[in-house]
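*Asks:* One file is attached below, final17.cif, containing mmCIF, C-alpha atoms.
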data_final
loop_
_atom_site.group_PDB
_atom_site.id
_atom_site.type_symbol
_atom_site.label_atom_id
_atom_site.label_comp_id
_atom_site.auth_asym_id
_atom_site.auth_seq_id
_atom_site.Cartn_x
_atom_site.Cartn_y
_atom_site.Cartn_z
ATOM 1 C CA MET A 111 76.887 161.132 47.488
ATOM 2 C CA ARG A 112 74.979 161.733 50.673
ATOM 3 C CA ILE A 113 76.169 162.294 54.195
ATOM 4 C CA VAL A 114 73.898 160.388 56.555
ATOM 5 C CA GLU A 115 73.791 160.525 60.352
ATOM 6 C CA LEU A 116 73.119 157.166 61.992
ATOM 7 C CA ASP A 117 71.918 157.004 65.594
ATOM 8 C CA ILE A 118 72.447 153.465 66.900
ATOM 9 C CA LYS A 119 71.243 152.213 70.271
ATOM 10 C CA LEU A 120 72.302 148.739 71.383
ATOM 11 C CA PRO A 121 73.062 146.720 74.515
ATOM 12 C CA TYR A 122 76.418 147.693 76.010
ATOM 13 C CA GLU A 123 77.654 144.125 76.506
ATOM 14 C CA LYS A 124 77.164 143.287 72.806
ATOM 15 C CA ARG A 125 78.517 146.567 71.443
ATOM 16 C CA GLY A 126 81.965 145.296 70.445
ATOM 17 C CA LYS A 127 80.668 142.290 68.538
ATOM 18 C CA ILE A 128 78.144 144.364 66.602
ATOM 19 C CA LEU A 129 80.558 147.250 65.951
ATOM 20 C CA SER A 130 83.125 144.931 64.348
ATOM 21 C CA LYS A 131 80.489 143.759 61.842
ATOM 22 C CA LEU A 132 79.308 147.335 61.336
ATOM 23 C CA CYS A 133 82.820 148.575 60.572
ATOM 24 C CA GLU A 134 83.218 145.910 57.887
ATOM 25 C CA LYS A 135 80.151 147.328 56.112
ATOM 26 C CA VAL A 136 81.089 151.017 56.281
ATOM 27 C CA ARG A 137 84.899 150.868 56.206
ATOM 28 C CA GLY A 138 86.364 154.006 54.635
ATOM 29 C CA LYS A 139 83.029 155.856 54.579
ATOM 30 C CA ILE A 140 82.915 157.131 58.175
ATOM 31 C CA LYS A 141 83.232 160.912 58.493
ATOM 32 C CA ASP A 142 82.623 161.283 62.251
ATOM 33 C CA ILE A 143 81.751 158.956 65.118
ATOM 34 C CA HIS A 144 80.753 159.564 68.753
ATOM 35 C CA PHE A 145 80.356 156.963 71.504
ATOM 36 C CA LEU A 146 78.060 157.970 74.339
ATOM 37 C CA PRO A 147 78.289 156.231 77.726
ATOM 38 C CA PRO A 148 75.735 153.547 78.572
ATOM 39 C CA THR A 149 72.544 154.452 80.394
ATOM 40 C CA ALA A 150 71.490 152.969 83.724
ATOM 41 C CA THR A 151 69.576 150.286 81.799
ATOM 42 C CA GLY A 152 72.718 149.249 79.861
ATOM 43 C CA ILE A 153 71.914 150.793 76.492
ATOM 44 C CA SER A 154 74.857 152.330 74.631
ATOM 45 C CA GLU A 155 74.418 154.993 71.948
ATOM 46 C CA ILE A 156 76.621 155.583 68.911
ATOM 47 C CA LYS A 157 76.280 158.493 66.498
ATOM 48 C CA MET A 158 77.991 158.155 63.114
ATOM 49 C CA GLU A 159 78.213 160.329 60.037
ATOM 50 C CA ILE A 160 78.739 158.248 56.908
ATOM 51 C CA GLU A 161 79.184 159.136 53.246
ATOM 52 C CA VAL A 162 77.108 156.756 51.086
ATOM 53 C CA GLU A 163 75.565 156.473 47.635
ATOM 54 C CA ASN A 164 72.339 154.693 48.607
ATOM 55 C CA ALA A 165 71.329 155.259 52.236
ATOM 56 C CA GLN A 166 68.236 153.030 52.087
ATOM 57 C CA ASN A 167 70.243 149.910 51.170
ATOM 58 C CA LEU A 168 72.845 150.561 53.858
ATOM 59 C CA VAL A 169 70.246 151.086 56.581
ATOM 60 C CA GLY A 170 68.456 147.903 55.496
ATOM 61 C CA GLU A 171 71.685 145.900 55.829
ATOM 62 C CA LEU A 172 72.457 147.459 59.207
ATOM 63 C CA ARG A 173 68.986 146.676 60.560
ATOM 64 C CA ARG A 174 69.595 142.998 59.774
ATOM 65 C CA LEU A 175 72.828 143.195 61.794
ATOM 66 C CA LEU A 176 71.233 145.045 64.722
ATOM 67 C CA LYS A 177 68.561 142.559 65.712
ATOM 68 C CA GLU A 178 68.769 143.601 69.359
ATOM 69 C CA GLY A 179 69.313 147.304 68.798
ATOM 70 C CA LYS A 180 67.619 150.259 67.157
ATOM 71 C CA ILE A 181 68.851 152.401 64.311
ATOM 72 C CA THR A 182 67.560 155.730 63.041
ATOM 73 C CA PHE A 183 69.000 157.889 60.320
ATOM 74 C CA LYS A 184 68.656 161.272 58.735
ATOM 75 C CA VAL A 185 70.206 162.703 55.607
ATOM 76 C CA LEU A 186 72.407 165.694 56.397
ATOM 77 C CA THR A 187 73.516 166.669 52.879
ATOM 78 C CA GLU A 188 72.954 165.538 49.348
ATOM 79 C CA ALA A 189 75.511 166.169 46.616
#
Is it possible to express this structure as structure tokens?

*Replies:*
Amino acid sequence: MRIVELDIKLPYEKRGKILSKLCEKVRGKIKDIHFLPPTATGISEIKMEIEVENAQNLVGELRRLLKEGKITFKVLTEA
């Protein structure tokens, strides 16, 4: 198991629609989540810590969901 930190940036007006799909993918695996307020340009930022087996597959699936946003990740711990 790995704990991975995801940094997601997406348009504020589409955040709810994308987050509902995102929660379906990672349900039960979320360790911590932070919602940052939108910037002046309307970009919202979400930081999540998720416990996963294969981080590469998960990030690949999430990138297909986030066509209008950006996602970066880093591995915090490996067990």

*Asks:* For Ile160 of chain A, which of A:Lys139, A:Arg125, A:Lys131, A:Lys119 is the closest residue, counting all atoms listed in the file?

*Replies:*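 Looking at the shortest contact to Ile160 of chain A, the residue is A:Lys139.
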
*Asks:* For a cutoff of 8 Å around the file-coordinate point (78.3, 158.5, 71.6), which residues qualify once you count only C-alpha atoms? I'd like the result as a PyMOL selection string.

*Replies:* chain A and resi 143-147+154-157

*Asks:* The PyMOL selection byres ((chain A and resi 187) around 12) - which residues does that actually catch in the file I just gave you? List them as a list of chain:residue names.

*Replies:*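 Residues picked by the PyMOL selection byres ((chain A and resi 187) around 12): A:Met111, A:Arg112, A:Ile113, A:Val114, A:Glu115, A:Glu159, A:Ile160, A:Glu161, A:Val162, A:Glu163, A:Ala165, A:Lys184, A:Val185, A:Leu186, A:Glu188, A:Ala189.
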
*Asks:* Counting all atoms listed in the file, which of A:Leu175, A:Ile181, A:Met158, A:Ile153 gets nearest to Ser130 of chain A?

*Replies:*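 Closest candidate: A:Leu175.
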
*Asks:* Distance atom CA of Lys124 of chain A-atom CA of Glu171 of chain A, one decimal place?

*Replies:*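 Between atom CA of Lys124 of chain A and atom CA of Glu171 of chain A the gap works out to 18.0 Å.
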
*Asks:* Tell me, in Å to one decimal, how far atom CA of Thr149 of chain A is from atom CA of Ile128 of chain A.

*Replies:*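 Here the two named atoms are 18.0 Å from each other.
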
*Asks:* One decimal, in Å: what's the spacing between atom CA of Asn164 of chain A and atom CA of Gly179 of chain A?

*Replies:*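 Distance between the two atoms: 21.7 Å.
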
*Asks:* Taking into account only C-alpha atoms, which residue in the set A:Gly126, A:Gly138, A:Gly170, A:Pro121 is nearest to Thr151 of chain A?

*Replies:* A:Pro121

*Asks:* Counting all atoms listed in the file, which residue out of A:Glu123, A:Leu132, A:Leu116, A:Lys141 sits closest to Arg174 of chain A?

*Replies:*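 Selected residue with least distance to Arg174 of chain A: A:Leu132.
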
*Asks:* To verify the selection step, state as a PDB file with C-alpha atoms, keeping the file's coordinate frame which residues the PyMOL selection byres ((chain A and resi 180) around 9) yields on this input.

*Replies:*
ATOM      1  CA  ASP A 117      71.918 157.004  65.594  1.00  0.00           C
ATOM      2  CA  ILE A 118      72.447 153.465  66.900  1.00  0.00           C
ATOM      3  CA  LYS A 119      71.243 152.213  70.271  1.00  0.00           C
ATOM      4  CA  LEU A 120      72.302 148.739  71.383  1.00  0.00           C
ATOM      5  CA  ARG A 173      68.986 146.676  60.560  1.00  0.00           C
ATOM      6  CA  LEU A 176      71.233 145.045  64.722  1.00  0.00           C
ATOM      7  CA  LYS A 177      68.561 142.559  65.712  1.00  0.00           C
ATOM      8  CA  GLU A 178      68.769 143.601  69.359  1.00  0.00           C
ATOM      9  CA  GLY A 179      69.313 147.304  68.798  1.00  0.00           C
ATOM     10  CA  ILE A 181      68.851 152.401  64.311  1.00  0.00           C
ATOM     11  CA  THR A 182      67.560 155.730  63.041  1.00  0.00           C
TER      12      THR A 182
END

*Asks:* Pick from A:Tyr122, A:Pro148, A:Leu129, A:Phe183: nearest to Leu168 of chain A, with all atoms listed in the file counted?

*Replies:*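 Of the candidates, the smallest distance to Leu168 of chain A is held by A:Phe183.
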
*Asks:* Taking all atoms of segment 143-150 of chain A that appear in the file, build a box with edges along x, y and z, extend it by 3 Å on every side, and state its centre and edge lengths in Å to one decimal, as lines of an AutoDock Vina configuration file.

*Replies:*
center_x = 76.6
center_y = 156.3
center_z = 74.4
size_x = 16.3
size_y = 12.6
size_z = 24.6
